[in-house]
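Shown next: data_31.cif, given as mmCIF, N, CA and C atoms.
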```
data_protein
#
loop_
_atom_site.label_atom_id
_atom_site.label_comp_id
_atom_site.auth_asym_id
_atom_site.auth_seq_id
_atom_site.Cartn_x
_atom_site.Cartn_y
_atom_site.Cartn_z
N MET Y 1 -9.25 -16.89 10.31
CA MET Y 1 -10.62 -16.51 10.04
C MET Y 1 -10.62 -15.19 9.28
N HIS Y 2 -11.54 -15.07 8.37
CA HIS Y 2 -11.63 -13.86 7.56
C HIS Y 2 -12.30 -12.74 8.34
N LEU Y 3 -11.92 -11.55 8.01
CA LEU Y 3 -12.50 -10.38 8.64
C LEU Y 3 -14.00 -10.31 8.36
N THR Y 4 -14.42 -10.77 7.19
CA THR Y 4 -15.85 -10.71 6.85
C THR Y 4 -16.68 -11.60 7.76
N ALA Y 5 -16.13 -12.72 8.21
CA ALA Y 5 -16.87 -13.59 9.12
C ALA Y 5 -17.08 -12.90 10.47
N TYR Y 6 -16.05 -12.25 10.96
CA TYR Y 6 -16.18 -11.50 12.20
C TYR Y 6 -17.19 -10.36 12.05
N PHE Y 7 -17.08 -9.65 10.94
CA PHE Y 7 -17.98 -8.52 10.68
C PHE Y 7 -19.43 -9.00 10.57
N SER Y 8 -19.65 -10.11 9.89
CA SER Y 8 -20.99 -10.66 9.75
C SER Y 8 -21.58 -11.07 11.09
N LEU Y 9 -20.77 -11.70 11.92
CA LEU Y 9 -21.25 -12.13 13.24
C LEU Y 9 -21.57 -10.94 14.13
N ILE Y 10 -20.73 -9.93 14.10
CA ILE Y 10 -20.97 -8.74 14.93
C ILE Y 10 -22.21 -8.00 14.46
N CYS Y 11 -22.35 -7.81 13.17
CA CYS Y 11 -23.52 -7.08 12.64
C CYS Y 11 -24.81 -7.86 12.86
N SER Y 12 -24.77 -9.17 12.71
CA SER Y 12 -25.96 -9.98 12.97
C SER Y 12 -26.39 -9.88 14.42
N THR Y 13 -25.42 -9.88 15.31
CA THR Y 13 -25.73 -9.77 16.73
C THR Y 13 -26.31 -8.40 17.07
N ILE Y 14 -25.76 -7.35 16.49
CA ILE Y 14 -26.28 -6.01 16.73
C ILE Y 14 -27.69 -5.87 16.18
N ALA Y 15 -27.94 -6.38 14.97
CA ALA Y 15 -29.27 -6.31 14.38
C ALA Y 15 -30.27 -7.11 15.21
N MET Y 16 -29.87 -8.30 15.66
CA MET Y 16 -30.75 -9.12 16.48
C MET Y 16 -31.09 -8.39 17.78
N ALA Y 17 -30.11 -7.78 18.41
CA ALA Y 17 -30.36 -7.04 19.65
C ALA Y 17 -31.27 -5.84 19.42
N GLY Y 18 -31.09 -5.16 18.31
CA GLY Y 18 -31.95 -4.02 18.00
C GLY Y 18 -33.39 -4.43 17.79
N PHE Y 19 -33.61 -5.51 17.07
CA PHE Y 19 -34.98 -5.98 16.86
C PHE Y 19 -35.59 -6.53 18.15
N MET Y 20 -34.77 -7.14 19.00
CA MET Y 20 -35.29 -7.61 20.28
C MET Y 20 -35.67 -6.44 21.17
N GLN Y 21 -34.90 -5.38 21.13
CA GLN Y 21 -35.21 -4.18 21.91
C GLN Y 21 -36.53 -3.57 21.44
N ALA Y 22 -36.78 -3.63 20.13
CA ALA Y 22 -38.02 -3.09 19.57
C ALA Y 22 -39.17 -4.10 19.64
N ARG Y 23 -38.91 -5.26 20.21
CA ARG Y 23 -39.89 -6.34 20.35
C ARG Y 23 -40.44 -6.81 19.00
N ARG Y 24 -39.57 -6.85 18.01
CA ARG Y 24 -39.90 -7.40 16.71
C ARG Y 24 -39.27 -8.80 16.64
N TRP Y 25 -39.96 -9.76 17.24
CA TRP Y 25 -39.38 -11.08 17.50
C TRP Y 25 -39.10 -11.85 16.23
N LEU Y 26 -39.94 -11.70 15.20
CA LEU Y 26 -39.71 -12.44 13.96
C LEU Y 26 -38.41 -12.00 13.30
N PHE Y 27 -38.18 -10.71 13.23
CA PHE Y 27 -36.96 -10.21 12.61
C PHE Y 27 -35.73 -10.49 13.47
N ALA Y 28 -35.92 -10.50 14.79
CA ALA Y 28 -34.82 -10.89 15.68
C ALA Y 28 -34.46 -12.36 15.47
N ALA Y 29 -35.46 -13.20 15.24
CA ALA Y 29 -35.20 -14.62 14.99
C ALA Y 29 -34.45 -14.81 13.67
N ILE Y 30 -34.78 -14.02 12.67
CA ILE Y 30 -34.07 -14.10 11.39
C ILE Y 30 -32.59 -13.82 11.59
N TRP Y 31 -32.29 -12.72 12.27
CA TRP Y 31 -30.89 -12.37 12.50
C TRP Y 31 -30.21 -13.35 13.44
N GLY Y 32 -30.98 -13.93 14.36
CA GLY Y 32 -30.42 -14.94 15.25
C GLY Y 32 -30.00 -16.19 14.51
N PHE Y 33 -30.83 -16.64 13.58
CA PHE Y 33 -30.46 -17.81 12.78
C PHE Y 33 -29.28 -17.51 11.86
N LEU Y 34 -29.21 -16.28 11.34
CA LEU Y 34 -28.06 -15.92 10.51
C LEU Y 34 -26.78 -15.86 11.34
N ALA Y 35 -26.88 -15.37 12.56
CA ALA Y 35 -25.71 -15.35 13.44
C ALA Y 35 -25.29 -16.77 13.80
N ALA Y 36 -26.27 -17.64 14.06
CA ALA Y 36 -25.96 -19.04 14.38
C ALA Y 36 -25.31 -19.73 13.18
N TYR Y 37 -25.79 -19.43 11.98
CA TYR Y 37 -25.19 -20.01 10.78
C TYR Y 37 -23.73 -19.58 10.66
N THR Y 38 -23.47 -18.29 10.81
CA THR Y 38 -22.10 -17.80 10.71
C THR Y 38 -21.22 -18.40 11.79
N LEU Y 39 -21.74 -18.46 13.01
CA LEU Y 39 -20.96 -18.97 14.13
C LEU Y 39 -20.58 -20.44 13.93
N PHE Y 40 -21.55 -21.26 13.55
CA PHE Y 40 -21.27 -22.69 13.44
C PHE Y 40 -20.69 -23.10 12.09
N ASP Y 41 -20.78 -22.22 11.10
CA ASP Y 41 -20.17 -22.55 9.81
C ASP Y 41 -18.72 -22.10 9.75
N LYS Y 42 -18.42 -20.95 10.30
CA LYS Y 42 -17.07 -20.38 10.17
C LYS Y 42 -16.18 -20.61 11.38
N PHE Y 43 -16.75 -20.61 12.58
CA PHE Y 43 -15.94 -20.67 13.78
C PHE Y 43 -15.92 -22.04 14.44
N TYR Y 44 -17.09 -22.66 14.58
CA TYR Y 44 -17.18 -23.96 15.25
C TYR Y 44 -17.77 -25.00 14.29
N SER Y 45 -17.10 -25.24 13.20
CA SER Y 45 -17.65 -26.13 12.17
C SER Y 45 -17.66 -27.59 12.60
N HIS Y 46 -16.91 -27.95 13.61
CA HIS Y 46 -16.84 -29.34 14.04
C HIS Y 46 -17.88 -29.69 15.10
N VAL Y 47 -18.63 -28.71 15.61
CA VAL Y 47 -19.56 -28.94 16.72
C VAL Y 47 -20.87 -29.55 16.24
N LEU Y 48 -21.46 -28.99 15.19
CA LEU Y 48 -22.74 -29.46 14.67
C LEU Y 48 -22.56 -30.08 13.30
N PRO Y 49 -23.42 -31.03 12.92
CA PRO Y 49 -23.34 -31.59 11.57
C PRO Y 49 -23.66 -30.53 10.51
N GLN Y 50 -23.02 -30.63 9.39
CA GLN Y 50 -23.15 -29.61 8.34
C GLN Y 50 -24.59 -29.45 7.82
N PRO Y 51 -25.38 -30.52 7.63
CA PRO Y 51 -26.77 -30.30 7.19
C PRO Y 51 -27.59 -29.47 8.19
N LEU Y 52 -27.33 -29.64 9.47
CA LEU Y 52 -28.03 -28.83 10.47
C LEU Y 52 -27.62 -27.38 10.39
N VAL Y 53 -26.34 -27.14 10.19
CA VAL Y 53 -25.84 -25.76 10.07
C VAL Y 53 -26.42 -25.10 8.83
N GLU Y 54 -26.49 -25.83 7.73
CA GLU Y 54 -27.04 -25.25 6.50
C GLU Y 54 -28.54 -25.01 6.62
N SER Y 55 -29.20 -25.74 7.49
CA SER Y 55 -30.64 -25.51 7.68
C SER Y 55 -30.90 -24.16 8.35
N PHE Y 56 -29.93 -23.62 9.08
CA PHE Y 56 -30.10 -22.31 9.69
C PHE Y 56 -30.32 -21.23 8.63
N SER Y 57 -29.60 -21.31 7.53
CA SER Y 57 -29.79 -20.31 6.48
C SER Y 57 -31.14 -20.49 5.78
N VAL Y 58 -31.58 -21.73 5.63
CA VAL Y 58 -32.89 -21.99 5.02
C VAL Y 58 -34.01 -21.48 5.93
N ILE Y 59 -33.87 -21.72 7.23
CA ILE Y 59 -34.87 -21.24 8.19
C ILE Y 59 -34.93 -19.73 8.19
N SER Y 60 -33.78 -19.07 8.15
CA SER Y 60 -33.78 -17.61 8.14
C SER Y 60 -34.40 -17.07 6.85
N PHE Y 61 -34.19 -17.76 5.72
CA PHE Y 61 -34.81 -17.34 4.47
C PHE Y 61 -36.33 -17.48 4.55
N LEU Y 62 -36.81 -18.60 5.10
CA LEU Y 62 -38.26 -18.79 5.23
C LEU Y 62 -38.88 -17.79 6.20
N LEU Y 63 -38.18 -17.50 7.28
CA LEU Y 63 -38.67 -16.49 8.21
C LEU Y 63 -38.69 -15.10 7.57
N ALA Y 64 -37.71 -14.81 6.72
CA ALA Y 64 -37.68 -13.53 6.02
C ALA Y 64 -38.87 -13.41 5.06
N ILE Y 65 -39.21 -14.50 4.39
CA ILE Y 65 -40.38 -14.48 3.52
C ILE Y 65 -41.64 -14.24 4.34
N LEU Y 66 -41.74 -14.90 5.50
CA LEU Y 66 -42.89 -14.70 6.38
C LEU Y 66 -42.95 -13.25 6.87
N GLY Y 67 -41.82 -12.69 7.26
CA GLY Y 67 -41.79 -11.30 7.72
C GLY Y 67 -42.17 -10.32 6.63
N LEU Y 68 -41.68 -10.55 5.42
CA LEU Y 68 -42.03 -9.69 4.30
C LEU Y 68 -43.52 -9.77 3.99
N THR Y 69 -44.07 -10.96 4.06
CA THR Y 69 -45.50 -11.15 3.83
C THR Y 69 -46.31 -10.40 4.87
N LYS Y 70 -45.90 -10.49 6.14
CA LYS Y 70 -46.62 -9.78 7.19
C LYS Y 70 -46.57 -8.27 6.99
N VAL Y 71 -45.43 -7.75 6.56
CA VAL Y 71 -45.30 -6.31 6.33
C VAL Y 71 -46.18 -5.88 5.16
N ILE Y 72 -46.19 -6.65 4.09
CA ILE Y 72 -47.01 -6.30 2.92
C ILE Y 72 -48.49 -6.34 3.27
N VAL Y 73 -48.93 -7.35 4.00
CA VAL Y 73 -50.34 -7.45 4.39
C VAL Y 73 -50.73 -6.29 5.29
N ALA Y 74 -49.86 -5.91 6.24
CA ALA Y 74 -50.17 -4.80 7.14
C ALA Y 74 -50.26 -3.49 6.38
N ARG Y 75 -49.37 -3.28 5.43
CA ARG Y 75 -49.43 -2.04 4.64
C ARG Y 75 -50.66 -2.01 3.75
N ARG Y 76 -51.02 -3.16 3.20
CA ARG Y 76 -52.21 -3.20 2.35
C ARG Y 76 -53.46 -2.92 3.17
N LYS Y 77 -53.53 -3.46 4.39
CA LYS Y 77 -54.68 -3.18 5.26
C LYS Y 77 -54.75 -1.71 5.61
N ARG Y 78 -53.58 -1.12 5.92
CA ARG Y 78 -53.55 0.30 6.26
C ARG Y 78 -53.98 1.15 5.06
N HIS Y 79 -53.53 0.78 3.88
CA HIS Y 79 -53.89 1.51 2.67
C HIS Y 79 -55.39 1.39 2.39
N ASN Y 80 -55.93 0.19 2.54
CA ASN Y 80 -57.37 -0.01 2.32
C ASN Y 80 -58.20 0.76 3.34
N ARG Y 81 -57.71 0.85 4.58
CA ARG Y 81 -58.41 1.61 5.61
C ARG Y 81 -58.39 3.11 5.26
N GLN Y 82 -57.26 3.59 4.72
CA GLN Y 82 -57.18 5.00 4.33
C GLN Y 82 -58.10 5.29 3.17
N ILE Y 83 -58.22 4.36 2.25
CA ILE Y 83 -59.14 4.54 1.11
C ILE Y 83 -60.57 4.61 1.59
N SER Y 84 -60.94 3.74 2.52
CA SER Y 84 -62.31 3.73 3.01
C SER Y 84 -62.63 4.98 3.82
N GLN Y 85 -61.62 5.59 4.43
CA GLN Y 85 -61.84 6.83 5.18
C GLN Y 85 -61.69 8.06 4.29
N GLY Y 86 -61.21 7.89 3.06
CA GLY Y 86 -61.05 9.00 2.15
C GLY Y 86 -59.80 9.81 2.36
N THR Y 87 -58.80 9.24 3.03
CA THR Y 87 -57.56 10.00 3.30
C THR Y 87 -56.39 9.50 2.49
N ALA Y 88 -56.62 8.66 1.49
CA ALA Y 88 -55.52 8.13 0.68
C ALA Y 88 -55.02 9.21 -0.27
N GLU Y 89 -53.80 9.07 -0.69
CA GLU Y 89 -53.19 10.07 -1.57
C GLU Y 89 -53.72 9.98 -2.95
#
```
Take the structure in this file and express it as structure tokens.
Amino acid sequence: MHLTAYFSLICSTIAMAGFMQARRWLFAAIWGFLAAYTLFDKFYSHVLPQPLVESFSVISFLLAILGLTKVIVARRKRHNRQISQGTAE
């Protein structure tokens, strides 16, 4: 096994735990699916069918788009609220 696979799995697990600690469940789910993809693609490739394993990366990409959209909408709302209060830069 390559060192990068181990490093990816460890970092994904740490990131997932950090987001779970902060109760950011969407971002924790993204890192969870990435960790599952690495685990079942590199270490246990014979356990799950390959199309299912590849769907983990697609799901994490879609969740990342959803998370980015939520962050952009929240920042835009905050910016619009600051403009209406007259405190915008």
- Task: Could you please write out, as an MDAnalysis selection string, every residue of stretch 31-60 of chain Y that DSSP assigns to helix (DSSP H, G or I)?
- Result: chainID Y and resid 31:43 50:60
- Message: Evaluated on this file, the PyMOL selection byres (((chain Y and resi 29 and name CA) around 12) and name CA) picks out some residues - which ones are they, written as a VMD selection string?
- Response: chain Y and resid 12 to 13 15 to 20 23 to 28 30 to 36 56 to 57 59 to 64 66 to 67
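In this comparison, which uses all atoms listed in the file, the residue of Y:Val53, Y:Ile14, Y:Ile65, Y:Ala22 approaching Y:Thr38 most closely is Y:Val53.
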- Tell me, in Å to one decimal, how far atom CA of Y:Asp41 is from atom CA of Y:Glu54. 8.1 Å
- For atom CA of Y:Gln85 and atom N of Y:Val73, determine how far apart the two atoms are, in Å to one decimal place.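 Taking atom CA of Y:Gln85 and atom N of Y:Val73, their separation equals 19.2 Å.
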- Task: Go ahead and compute the interatomic distance for atom CA of Y:Ala74 and atom CA of Y:Thr87, in Å to one decimal.
- Result: 17.0 Å
Mind completing stretch 21-47 of chain Y with N, CA, C and O atoms? Output as a short mmCIF file (atom, residue, chain, number, x, y, z; two decimals), keeping the file's coordinate frame, please?
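Contents of selection03.cif, freshly written:
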```cif
data_model
loop_
_atom_site.label_atom_id
_atom_site.label_comp_id
_atom_site.auth_asym_id
_atom_site.auth_seq_id
_atom_site.Cartn_x
_atom_site.Cartn_y
_atom_site.Cartn_z
N GLN Y 21 -34.90 -5.38 21.13
CA GLN Y 21 -35.21 -4.18 21.91
C GLN Y 21 -36.53 -3.57 21.44
O GLN Y 21 -37.31 -3.08 22.25
N ALA Y 22 -36.78 -3.63 20.13
CA ALA Y 22 -38.02 -3.09 19.57
C ALA Y 22 -39.17 -4.10 19.64
O ALA Y 22 -40.27 -3.81 19.17
N ARG Y 23 -38.91 -5.26 20.21
CA ARG Y 23 -39.89 -6.34 20.35
C ARG Y 23 -40.44 -6.81 19.00
O ARG Y 23 -41.61 -7.11 18.86
N ARG Y 24 -39.57 -6.85 18.01
CA ARG Y 24 -39.90 -7.40 16.71
C ARG Y 24 -39.27 -8.80 16.64
O ARG Y 24 -38.18 -8.99 16.13
N TRP Y 25 -39.96 -9.76 17.24
CA TRP Y 25 -39.38 -11.08 17.50
C TRP Y 25 -39.10 -11.85 16.23
O TRP Y 25 -38.13 -12.61 16.17
N LEU Y 26 -39.94 -11.70 15.20
CA LEU Y 26 -39.71 -12.44 13.96
C LEU Y 26 -38.41 -12.00 13.30
O LEU Y 26 -37.59 -12.84 12.90
N PHE Y 27 -38.18 -10.71 13.23
CA PHE Y 27 -36.96 -10.21 12.61
C PHE Y 27 -35.73 -10.49 13.47
O PHE Y 27 -34.64 -10.72 12.95
N ALA Y 28 -35.92 -10.50 14.79
CA ALA Y 28 -34.82 -10.89 15.68
C ALA Y 28 -34.46 -12.36 15.47
O ALA Y 28 -33.28 -12.72 15.49
N ALA Y 29 -35.46 -13.20 15.24
CA ALA Y 29 -35.20 -14.62 14.99
C ALA Y 29 -34.45 -14.81 13.67
O ALA Y 29 -33.56 -15.68 13.58
N ILE Y 30 -34.78 -14.02 12.67
CA ILE Y 30 -34.07 -14.10 11.39
C ILE Y 30 -32.59 -13.82 11.59
O ILE Y 30 -31.72 -14.59 11.16
N TRP Y 31 -32.29 -12.72 12.27
CA TRP Y 31 -30.89 -12.37 12.50
C TRP Y 31 -30.21 -13.35 13.44
O TRP Y 31 -29.01 -13.59 13.35
N GLY Y 32 -30.98 -13.93 14.36
CA GLY Y 32 -30.42 -14.94 15.25
C GLY Y 32 -30.00 -16.19 14.51
O GLY Y 32 -28.92 -16.75 14.76
N PHE Y 33 -30.83 -16.64 13.58
CA PHE Y 33 -30.46 -17.81 12.78
C PHE Y 33 -29.28 -17.51 11.86
O PHE Y 33 -28.43 -18.37 11.62
N LEU Y 34 -29.21 -16.28 11.34
CA LEU Y 34 -28.06 -15.92 10.51
C LEU Y 34 -26.78 -15.86 11.34
O LEU Y 34 -25.72 -16.28 10.87
N ALA Y 35 -26.88 -15.37 12.56
CA ALA Y 35 -25.71 -15.35 13.44
C ALA Y 35 -25.29 -16.77 13.80
O ALA Y 35 -24.10 -17.09 13.83
N ALA Y 36 -26.27 -17.64 14.06
CA ALA Y 36 -25.96 -19.04 14.38
C ALA Y 36 -25.31 -19.73 13.18
O ALA Y 36 -24.36 -20.52 13.34
N TYR Y 37 -25.79 -19.43 11.98
CA TYR Y 37 -25.19 -20.01 10.78
C TYR Y 37 -23.73 -19.58 10.66
O TYR Y 37 -22.84 -20.40 10.42
N THR Y 38 -23.47 -18.29 10.81
CA THR Y 38 -22.10 -17.80 10.71
C THR Y 38 -21.22 -18.40 11.79
O THR Y 38 -20.08 -18.82 11.53
N LEU Y 39 -21.74 -18.46 13.01
CA LEU Y 39 -20.96 -18.97 14.13
C LEU Y 39 -20.58 -20.44 13.93
O LEU Y 39 -19.42 -20.82 14.08
N PHE Y 40 -21.55 -21.26 13.55
CA PHE Y 40 -21.27 -22.69 13.44
C PHE Y 40 -20.69 -23.10 12.09
O PHE Y 40 -20.18 -24.20 11.94
N ASP Y 41 -20.78 -22.22 11.10
CA ASP Y 41 -20.17 -22.55 9.81
C ASP Y 41 -18.72 -22.10 9.75
O ASP Y 41 -17.87 -22.81 9.22
N LYS Y 42 -18.42 -20.95 10.30
CA LYS Y 42 -17.07 -20.38 10.17
C LYS Y 42 -16.18 -20.61 11.38
O LYS Y 42 -14.98 -20.75 11.25
N PHE Y 43 -16.75 -20.61 12.58
CA PHE Y 43 -15.94 -20.67 13.78
C PHE Y 43 -15.92 -22.04 14.44
O PHE Y 43 -14.89 -22.52 14.85
N TYR Y 44 -17.09 -22.66 14.58
CA TYR Y 44 -17.18 -23.96 15.25
C TYR Y 44 -17.77 -25.00 14.29
O TYR Y 44 -18.81 -25.59 14.56
N SER Y 45 -17.10 -25.24 13.20
CA SER Y 45 -17.65 -26.13 12.17
C SER Y 45 -17.66 -27.59 12.60
O SER Y 45 -18.37 -28.39 12.01
N HIS Y 46 -16.91 -27.95 13.61
CA HIS Y 46 -16.84 -29.34 14.04
C HIS Y 46 -17.88 -29.69 15.10
O HIS Y 46 -18.03 -30.84 15.47
N VAL Y 47 -18.63 -28.71 15.61
CA VAL Y 47 -19.56 -28.94 16.72
C VAL Y 47 -20.87 -29.55 16.24
O VAL Y 47 -21.35 -30.53 16.81
#
```
